[in-house]
Every structure is written in C-alpha cells, then in structure tokens.
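Enquirer: Quick one, input-v8.pdb (PDB, C-alpha atoms):
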```
ATOM      1  CA  THR A   1       1.631   3.426  36.001
ATOM      2  CA  SER A   2      -1.547   1.534  35.126
ATOM      3  CA  ARG A   3      -3.143   4.703  33.685
ATOM      4  CA  SER A   4      -0.142   5.326  31.432
ATOM      5  CA  MET A   5      -0.147   1.739  30.229
ATOM      6  CA  ALA A   6      -3.892   1.947  29.554
ATOM      7  CA  LEU A   7      -3.357   5.148  27.565
ATOM      8  CA  ARG A   8      -0.613   3.548  25.505
ATOM      9  CA  SER A   9      -2.796   0.484  24.873
ATOM     10  CA  VAL A  10      -5.735   2.597  23.698
ATOM     11  CA  ILE A  11      -3.607   4.584  21.257
ATOM     12  CA  LEU A  12      -1.854   1.513  19.903
ATOM     13  CA  ALA A  13      -5.166  -0.283  19.521
ATOM     14  CA  ILE A  14      -6.499   2.611  17.443
ATOM     15  CA  ALA A  15      -3.458   2.547  15.177
ATOM     16  CA  GLN A  16      -3.636  -1.213  14.742
ATOM     17  CA  ARG A  17      -7.413  -1.446  14.309
ATOM     18  CA  ASP A  18      -7.856   1.351  11.795
ATOM     19  CA  ALA A  19      -6.005   0.728   8.563
ATOM     20  CA  THR A  20      -6.067   4.430   7.715
ATOM     21  CA  ALA A  21      -4.681   5.574  11.052
ATOM     22  CA  VAL A  22      -1.014   6.329  11.351
ATOM     23  CA  GLN A  23       1.314   4.170  13.354
ATOM     24  CA  LEU A  24       2.639   5.991  16.371
ATOM     25  CA  ARG A  25       6.259   5.029  15.992
ATOM     26  CA  GLY A  26       8.192   6.349  13.044
ATOM     27  CA  PHE A  27       5.116   7.690  11.272
ATOM     28  CA  GLY A  28       6.383  11.088  10.232
ATOM     29  CA  ASP A  29      10.011  10.824   9.245
ATOM     30  CA  GLU A  30       9.927   7.169   8.215
ATOM     31  CA  THR A  31       6.849   7.500   6.028
ATOM     32  CA  GLN A  32       8.109  10.649   4.363
ATOM     33  CA  ALA A  33      11.559   9.137   3.832
ATOM     34  CA  GLN A  34      10.047   6.062   2.185
ATOM     35  CA  THR A  35       7.817   8.202  -0.009
ATOM     36  CA  ALA A  36      10.717  10.439  -1.025
ATOM     37  CA  ALA A  37      12.884   7.438  -1.870
ATOM     38  CA  ALA A  38      10.121   5.896  -3.956
ATOM     39  CA  ALA A  39       9.473   9.169  -5.779
ATOM     40  CA  ALA A  40      13.175   9.579  -6.499
ATOM     41  CA  ALA A  41      13.293   6.102  -8.001
ATOM     42  CA  ASP A  42      10.185   6.742 -10.079
ATOM     43  CA  PRO A  43       9.048  10.402 -10.293
ATOM     44  CA  ARG A  44       5.766   9.254 -11.833
ATOM     45  CA  GLN A  45       4.703   7.966  -8.414
ATOM     46  CA  SER A  46       3.999  11.486  -7.221
ATOM     47  CA  SER A  47       1.066  11.519  -9.618
ATOM     48  CA  LEU A  48      -0.257   8.196  -8.332
ATOM     49  CA  GLY A  49      -1.277   9.403  -4.907
ATOM     50  CA  LEU A  50       1.935   8.371  -3.177
ATOM     51  CA  ASP A  51       2.849  11.798  -1.831
ATOM     52  CA  ALA A  52       3.340  12.178   1.915
ATOM     53  CA  PRO A  53       0.030  12.624   3.797
ATOM     54  CA  ARG A  54      -1.224  16.178   3.655
ATOM     55  CA  PRO A  55      -2.160  18.098   6.815
ATOM     56  CA  LEU A  56      -5.864  18.055   7.656
ATOM     57  CA  ASP A  57      -7.995  21.045   8.576
ATOM     58  CA  LEU A  58      -9.096  19.669  11.934
ATOM     59  CA  PRO A  59     -11.710  21.403  14.106
ATOM     60  CA  GLY A  60     -10.340  22.834  17.340
ATOM     61  CA  GLU A  61     -12.646  20.565  19.338
ATOM     62  CA  THR A  62     -11.136  17.473  17.717
ATOM     63  CA  VAL A  63      -7.580  18.568  18.468
ATOM     64  CA  ILE A  64      -8.410  19.427  22.074
ATOM     65  CA  LEU A  65     -10.120  16.098  22.707
ATOM     66  CA  ALA A  66      -7.192  14.249  21.156
ATOM     67  CA  LEU A  67      -4.655  16.156  23.253
ATOM     68  CA  ASN A  68      -6.446  15.105  26.416
ATOM     69  CA  PHE A  69      -6.310  11.420  25.389
ATOM     70  CA  PRO A  70      -9.129   8.966  26.099
ATOM     71  CA  ASP A  71      -9.971   8.179  29.712
ATOM     72  CA  GLY A  72     -10.293   4.539  28.694
ATOM     73  CA  PRO A  73     -11.694   2.199  26.023
ATOM     74  CA  ASP A  74     -15.242   3.430  26.717
ATOM     75  CA  ASP A  75     -14.414   7.094  26.066
ATOM     76  CA  THR A  76     -15.822   6.955  22.544
ATOM     77  CA  ALA A  77     -15.780  10.704  21.850
ATOM     78  CA  ALA A  78     -12.100  11.055  22.714
ATOM     79  CA  ILE A  79     -11.201   7.882  20.830
ATOM     80  CA  ALA A  80     -12.978   9.159  17.707
ATOM     81  CA  ALA A  81     -11.173  12.501  18.006
ATOM     82  CA  LEU A  82      -7.852  10.758  18.549
ATOM     83  CA  ARG A  83      -8.376   8.548  15.513
ATOM     84  CA  GLU A  84      -9.152  11.601  13.382
ATOM     85  CA  ALA A  85      -6.187  13.586  14.720
ATOM     86  CA  LEU A  86      -3.841  10.690  14.037
ATOM     87  CA  ARG A  87      -4.645  11.044  10.340
ATOM     88  CA  ASP A  88      -2.866  14.394  10.338
ATOM     89  CA  PRO A  89       0.931  13.965  10.184
ATOM     90  CA  ASP A  90       1.729  16.977  12.387
ATOM     91  CA  GLN A  91      -0.845  16.107  15.018
ATOM     92  CA  ALA A  92       0.296  12.478  14.972
ATOM     93  CA  ARG A  93       3.837  13.556  15.842
ATOM     94  CA  LEU A  94       2.575  15.769  18.653
ATOM     95  CA  ILE A  95       0.279  13.068  20.043
ATOM     96  CA  ARG A  96       2.968  10.410  20.177
ATOM     97  CA  SER A  97       5.414  12.929  21.679
ATOM     98  CA  ALA A  98       2.859  13.974  24.304
ATOM     99  CA  GLN A  99       2.166  10.327  25.067
ATOM    100  CA  ASP A 100       5.893   9.762  25.589
ATOM    101  CA  VAL A 101       6.347  12.635  28.038
ATOM    102  CA  VAL A 102       3.156  11.853  29.958
ATOM    103  CA  THR A 103       4.446   8.291  30.374
ATOM    104  CA  LEU A 104       7.955   9.447  31.333
ATOM    105  CA  LEU A 105       6.491  11.834  33.895
ATOM    106  CA  ALA A 106       4.341   9.056  35.354
ATOM    107  CA  GLU A 107       7.405   6.864  35.704
ATOM    108  CA  ARG A 108       8.828   9.609  37.924
ATOM    109  CA  GLY A 109       5.691   9.848  40.027
ATOM    110  CA  ILE A 110       4.289  12.929  38.251
ATOM    111  CA  ILE A 111       0.731  12.231  37.109
ATOM    112  CA  THR A 112      -0.693  14.839  34.760
ATOM    113  CA  ASP A 113      -4.205  14.338  36.151
ATOM    114  CA  ASP A 114      -2.857  15.498  39.513
ATOM    115  CA  LEU A 115      -1.341  18.698  38.105
ATOM    116  CA  VAL A 116      -3.894  21.409  38.841
ATOM    117  CA  PRO A 117      -3.345  24.596  36.820
ATOM    118  CA  GLU A 118      -3.931  27.966  38.374
ATOM    119  CA  THR A 119      -6.550  30.196  36.783
ATOM    120  CA  THR A 120      -6.098  30.089  33.018
ATOM    121  CA  ASP A 121      -5.460  33.421  31.291
ATOM    122  CA  PRO A 122      -6.788  33.248  27.705
ATOM    123  CA  ALA A 123      -5.041  36.553  26.907
ATOM    124  CA  ALA A 124      -1.672  35.030  27.819
ATOM    125  CA  TRP A 125      -2.374  32.062  25.542
ATOM    126  CA  ARG A 126      -3.292  34.447  22.725
ATOM    127  CA  ARG A 127      -0.025  36.329  23.222
ATOM    128  CA  PHE A 128       1.714  32.957  23.078
ATOM    129  CA  GLY A 129      -0.113  32.214  19.821
ATOM    130  CA  ASP A 130       1.051  35.586  18.476
ATOM    131  CA  GLY A 131       4.664  34.572  19.058
ATOM    132  CA  GLN A 132       5.440  36.334  22.330
ATOM    133  CA  ARG A 133       7.603  34.385  24.753
ATOM    134  CA  GLY A 134       9.229  34.771  28.178
ATOM    135  CA  ARG A 135       7.640  36.778  30.991
ATOM    136  CA  ALA A 136       4.946  38.134  28.652
ATOM    137  CA  VAL A 137       3.346  34.678  28.499
ATOM    138  CA  SER A 138       4.155  33.509  32.027
ATOM    139  CA  GLY A 139       0.425  33.050  32.591
ATOM    140  CA  VAL A 140       0.502  30.099  30.188
ATOM    141  CA  GLY A 141       2.678  28.212  32.659
ATOM    142  CA  ALA A 142      -0.147  27.836  35.144
ATOM    143  CA  VAL A 143       1.173  24.633  36.725
ATOM    144  CA  ARG A 144       3.374  25.690  39.644
ATOM    145  CA  ASP A 145       3.440  22.511  41.739
ATOM    146  CA  ALA A 146       6.775  22.915  43.527
ATOM    147  CA  ALA A 147       7.464  19.202  44.000
ATOM    148  CA  ALA A 148       6.593  18.348  40.406
ATOM    149  CA  LEU A 149       8.706  21.217  39.083
ATOM    150  CA  GLU A 150      11.652  20.124  41.188
ATOM    151  CA  ALA A 151      11.362  16.512  40.007
ATOM    152  CA  ALA A 152      10.953  17.506  36.348
ATOM    153  CA  THR A 153      13.900  19.915  36.504
ATOM    154  CA  ALA A 154      16.117  17.274  38.101
ATOM    155  CA  ALA A 155      15.122  14.724  35.471
ATOM    156  CA  MET A 156      15.893  17.160  32.642
ATOM    157  CA  ARG A 157      19.329  17.821  34.097
ATOM    158  CA  GLY A 158      20.207  14.211  34.817
ATOM    159  CA  ASP A 159      18.484  12.140  32.142
ATOM    160  CA  GLU A 160      19.394  12.791  28.523
ATOM    161  CA  VAL A 161      16.578  10.646  27.138
ATOM    162  CA  PHE A 162      14.022  12.506  29.248
ATOM    163  CA  ARG A 163      15.504  15.883  28.297
ATOM    164  CA  ASP A 164      15.450  15.103  24.568
ATOM    165  CA  ALA A 165      11.854  13.854  24.769
ATOM    166  CA  VAL A 166      10.815  17.008  26.622
ATOM    167  CA  HIS A 167      12.480  19.401  24.185
ATOM    168  CA  HIS A 168      10.928  17.562  21.235
ATOM    169  CA  PHE A 169       7.488  17.753  22.832
ATOM    170  CA  LEU A 170       7.841  21.434  23.717
ATOM    171  CA  ARG A 171       8.722  22.327  20.126
ATOM    172  CA  LEU A 172       5.801  20.365  18.680
ATOM    173  CA  PHE A 173       3.270  21.676  21.195
ATOM    174  CA  ASP A 174       4.489  25.247  20.673
ATOM    175  CA  ARG A 175       4.056  24.982  16.917
ATOM    176  CA  SER A 176       0.672  23.254  17.114
ATOM    177  CA  VAL A 177      -0.825  25.728  19.594
ATOM    178  CA  THR A 178       0.506  28.692  17.625
ATOM    179  CA  GLU A 179      -1.323  27.403  14.552
ATOM    180  CA  LEU A 180      -4.462  26.448  16.469
ATOM    181  CA  MET A 181      -4.921  29.572  18.584
ATOM    182  CA  PRO A 182      -6.604  31.857  15.991
ATOM    183  CA  GLN A 183      -9.573  29.506  15.643
ATOM    184  CA  LEU A 184     -10.198  29.017  19.381
ATOM    185  CA  SER A 185     -12.689  30.908  21.506
ATOM    186  CA  ASP A 186     -11.766  31.863  25.061
ATOM    187  CA  ASP A 187     -13.852  28.945  26.339
ATOM    188  CA  GLU A 188     -11.950  26.561  24.073
ATOM    189  CA  ILE A 189      -8.643  27.948  25.354
ATOM    190  CA  LEU A 190      -9.824  27.178  28.892
ATOM    191  CA  TRP A 191     -10.697  23.665  27.729
ATOM    192  CA  LEU A 192      -7.332  23.239  26.001
ATOM    193  CA  ALA A 193      -5.507  24.290  29.170
ATOM    194  CA  GLU A 194      -7.175  21.456  31.082
ATOM    195  CA  THR A 195      -5.936  18.717  28.737
ATOM    196  CA  ARG A 196      -3.271  16.280  29.862
ATOM    197  CA  SER A 197      -0.961  17.421  27.068
ATOM    198  CA  ALA A 198      -1.324  21.093  28.053
ATOM    199  CA  ARG A 199      -0.711  20.313  31.725
ATOM    200  CA  ALA A 200       2.481  18.495  30.753
ATOM    201  CA  PHE A 201       3.479  21.487  28.615
ATOM    202  CA  MET A 202       2.828  23.982  31.430
ATOM    203  CA  LEU A 203       4.973  21.981  33.828
ATOM    204  CA  LEU A 204       7.819  21.166  31.459
ATOM    205  CA  ALA A 205       7.997  24.580  29.796
ATOM    206  CA  ARG A 206       8.242  26.205  33.229
ATOM    207  CA  ALA A 207      10.863  23.657  34.311
ATOM    208  CA  ALA A 208      12.807  24.461  31.141
ATOM    209  CA  GLY A 209      12.719  28.189  31.915
ATOM    210  CA  LEU A 210      10.647  29.155  28.882
ATOM    211  CA  PHE A 211       8.587  31.667  30.856
ATOM    212  CA  GLY A 212      11.536  33.625  32.177
ATOM    213  CA  GLN A 213      12.995  33.691  35.651
ATOM    214  CA  GLU A 214      10.743  33.101  38.599
ATOM    215  CA  GLU A 215       9.996  36.137  40.698
TER     216      GLU A 215
END
```
What would you get if you wrote out this structure as structure tokens?

Expert:
Amino acid sequence: TSRSMALRSVILAIAQRDATAVQLRGFGDETQAQTAAAAAADPRQSSLGLDAPRPLDLPGETVILALNFPDGPDDTAAIAALREALRDPDQARLIRSAQDVVTLLAERGIITDDLVPETTDPAAWRRFGDGQRGRAVSGVGAVRDAAALEAATAAMRGDEVFRDAVHHFLRLFDRSVTELMPQLSDDEILWLAETRSARAFMLLARAAGLFGQEE
C-alpha cells in the first residue's frame, strides 16, 4: 500500500542520509560477521574500535516512538527517535523485522492502523515482561479482529516466507519488550500497546497461538 511504501522510504532515507545510522538490510549478522572475520585476521583490530556496535541504553520513550514508525517525512519526533533506535543493533533488527511484517500484512489487506486493540491491561504486559506466557498473558493479545486473525492465520499456514518473517518478528519483539518492561510506567505501557509494531505483535502472536487456546 502507499502507506507501507512511504514507511519504507522514510526508514531507508534515514539510513542513507545519516552516515552513523545502520543499514536496514543485513545490519546485524553481516556487520558482526565482517567484524569477526577482520578481528580473526588481525586480533589487534579489536583494540582499534572495530568491535561490533554495542547496545545503547535507550529511553523507553525513544523505543516506543521508533516502534510506531513515523507518520511521514514531517513527523520529526518519530524520525529522530527512529534514527536513534537504529544505532542500537538489537533495536535495528527489531525495527526492520517489524517493518517487514507490517508491509507483508498490508499486502494482504491488513493495515495495522486499522487494528484497534481492546482495553490494554498493563498488568498482563508486566506478567509478559516477567516471562509468563500462554493464558496468563492473554490480555496482551488485545487485537481480536476476526477477519484479520483469519487472514493472518491462513497466510502463516500457506506462505513460508510470511511465516518465517512472523516468527522472526515475534522472537525479537518478545525479547525487546521483556528487556524494556521494567523501565516503563503503566502509561508508557498503554502508549507502547498503541504502536504499529505492538498491534502487529498482538495480531500475529494470537494467530500463532502464543496466548493459549481461545475460549
């Protein structure tokens, strides 16, 4: 869709315009592989600042803004947050993975902006952050749009590329939120749950059966 293409263009423009920003494709594994190969050839390089990028201690607000993606080229606050988040290798992987699934969903007529979560339960998100899974955190899966769930489930069953992209995204989002949760207030959890990335997670995690069987 035009919104998905605009989102992709904004993110790519950030990566291309800012020399210190990561490139979306192949950033994590490729960069680390190149660094490891160089260090193996010359161990002294590890002392010359050529180690793989270190994780950043990003504020929760920055991560949340980045996970929602900019609304367009004039959304300066979100673009600044996205640029900062892309400097962190773990967040960069999550952002490009989220971008992929949001685009794949849009190609199937599922627009994350149209997915309206039910009332967010901060306590369920905190249980999720504590490592609980299944029915105990069913409240995290607040997107229950029947048509979207049916379409996403069918795509996961019938499209290997879609299924692999979804599983990769779910793992990265799970890990990121688990690490982020302790520093978030309840209001910030409510804000996080409204992001495009979180809406995609709610839908796809429920479609994948990660919240247990439906009642």

Enquirer: Could you check which of A:Ala92, A:Ala77, A:Leu105, A:Leu204 is closest to Thr153 in chain A, using all atoms listed in the file?

Expert: A:Leu204

Enquirer: For CA of Ser185 in chain A and CA of Pro73 in chain A, determine how far apart the two atoms are, in Å to one decimal place.

Expert: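 Here the two named atoms are 29.1 Å from each other.
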
Enquirer: I need the residue nearest Gly212 in chain A from this list: A:Gly158, A:Pro122, A:Gly139, A:Pro182. Use all atoms listed in the file for the distance.

Expert: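 Between A:Gly158, A:Pro122, A:Gly139, A:Pro182, the residue approaching Gly212 in chain A most closely is A:Gly139.
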
Enquirer: Using Å and a single decimal, report how far CA of Arg206 in chain A sits from CA of Val116 in chain A.

Expert: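 If I compute the distance from CA of Val116 in chain A to CA of Arg206 in chain A, I get 14.2 Å.
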
Enquirer: Restricting the calculation to only C-alpha atoms: of A:Arg108, A:Arg96, A:Arg163, A:Arg126, which residue gets closest to Ala147 in chain A?

Expert: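 Distance minimum relative to Ala147 in chain A lands on A:Arg108.
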
Enquirer: Around all of range 85-88 of chain A's listed atoms, make the axis-aligned box with 3 Å on each side and tell me centre and edge lengths in Å to one decimal, as lines of an AutoDock Vina configuration file.

Expert:
```
center_x = -4.5
center_y = 12.5
center_z = 12.5
size_x = 9.3
size_y = 9.7
size_z = 10.4
```

Enquirer: Can you tell me which residues surround Glu61 in chain A at a distance of at most 10 Å, considering all atoms listed in the file, apart from same-chain residues fewer than 5 positions away, and format the answer as a PyMOL selection string?

Expert: chain A and resi 66-67+81+184+188+191-192

Enquirer: What is the distance, in Å and to one decimal place, between CA of Ser97 in chain A and CA of Ala165 in chain A?

Expert: 7.2 Å

Enquirer: What residues have an atom no more than 9 Å from (-8.8, 18.6, 14.1) in the file's own frame, counting all atoms listed in the file, and can you write them as a PyMOL selection string?

Expert: chain A and resi 56-64+66+81+84-85+88+91

Enquirer: Pick from A:Leu180, A:Ala106, A:Ile111, A:Ile95: nearest to Gly129 in chain A, with only C-alpha atoms counted?

Expert: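 Selected residue with least distance to Gly129 in chain A: A:Leu180.
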
Enquirer: Please work out which residues fall within 12 Å of (2.0, 21.3, 20.4), coordinates as given in the file, with only C-alpha atoms counting, and return them as a ChimeraX atom specification.

Expert: /A:63-64,66-67,90-99,128-129,166-181,192-193,195-202,205

Enquirer: Using only C-alpha atoms, please write the residues we just selected to a file, as a short mmCIF file (atom, residue, chain, number, x, y, z; two decimals), keeping the file's coordinate frame.

Expert:
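Generated file (part-v7.cif):
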```
data_model
loop_
_atom_site.label_atom_id
_atom_site.label_comp_id
_atom_site.auth_asym_id
_atom_site.auth_seq_id
_atom_site.Cartn_x
_atom_site.Cartn_y
_atom_site.Cartn_z
CA VAL A 63 -7.58 18.57 18.47
CA ILE A 64 -8.41 19.43 22.07
CA ALA A 66 -7.19 14.25 21.16
CA LEU A 67 -4.66 16.16 23.25
CA ASP A 90 1.73 16.98 12.39
CA GLN A 91 -0.84 16.11 15.02
CA ALA A 92 0.30 12.48 14.97
CA ARG A 93 3.84 13.56 15.84
CA LEU A 94 2.58 15.77 18.65
CA ILE A 95 0.28 13.07 20.04
CA ARG A 96 2.97 10.41 20.18
CA SER A 97 5.41 12.93 21.68
CA ALA A 98 2.86 13.97 24.30
CA GLN A 99 2.17 10.33 25.07
CA PHE A 128 1.71 32.96 23.08
CA GLY A 129 -0.11 32.21 19.82
CA VAL A 166 10.82 17.01 26.62
CA HIS A 167 12.48 19.40 24.18
CA HIS A 168 10.93 17.56 21.24
CA PHE A 169 7.49 17.75 22.83
CA LEU A 170 7.84 21.43 23.72
CA ARG A 171 8.72 22.33 20.13
CA LEU A 172 5.80 20.36 18.68
CA PHE A 173 3.27 21.68 21.20
CA ASP A 174 4.49 25.25 20.67
CA ARG A 175 4.06 24.98 16.92
CA SER A 176 0.67 23.25 17.11
CA VAL A 177 -0.82 25.73 19.59
CA THR A 178 0.51 28.69 17.62
CA GLU A 179 -1.32 27.40 14.55
CA LEU A 180 -4.46 26.45 16.47
CA MET A 181 -4.92 29.57 18.58
CA LEU A 192 -7.33 23.24 26.00
CA ALA A 193 -5.51 24.29 29.17
CA THR A 195 -5.94 18.72 28.74
CA ARG A 196 -3.27 16.28 29.86
CA SER A 197 -0.96 17.42 27.07
CA ALA A 198 -1.32 21.09 28.05
CA ARG A 199 -0.71 20.31 31.72
CA ALA A 200 2.48 18.50 30.75
CA PHE A 201 3.48 21.49 28.62
CA MET A 202 2.83 23.98 31.43
CA ALA A 205 8.00 24.58 29.80
#
```

Enquirer: So, counting all atoms listed in the file, which residue among A:Ala146, A:Leu65, A:Val137, A:Val101 is closest to Leu86 in chain A?

Expert: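 Closest candidate: A:Leu65.
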
Enquirer: Nearest to Leu104 in chain A among A:Val161, A:Leu149, A:Leu210, A:Ala142, with distances taken over all atoms listed in the file: which residue is it?

Expert: A:Val161
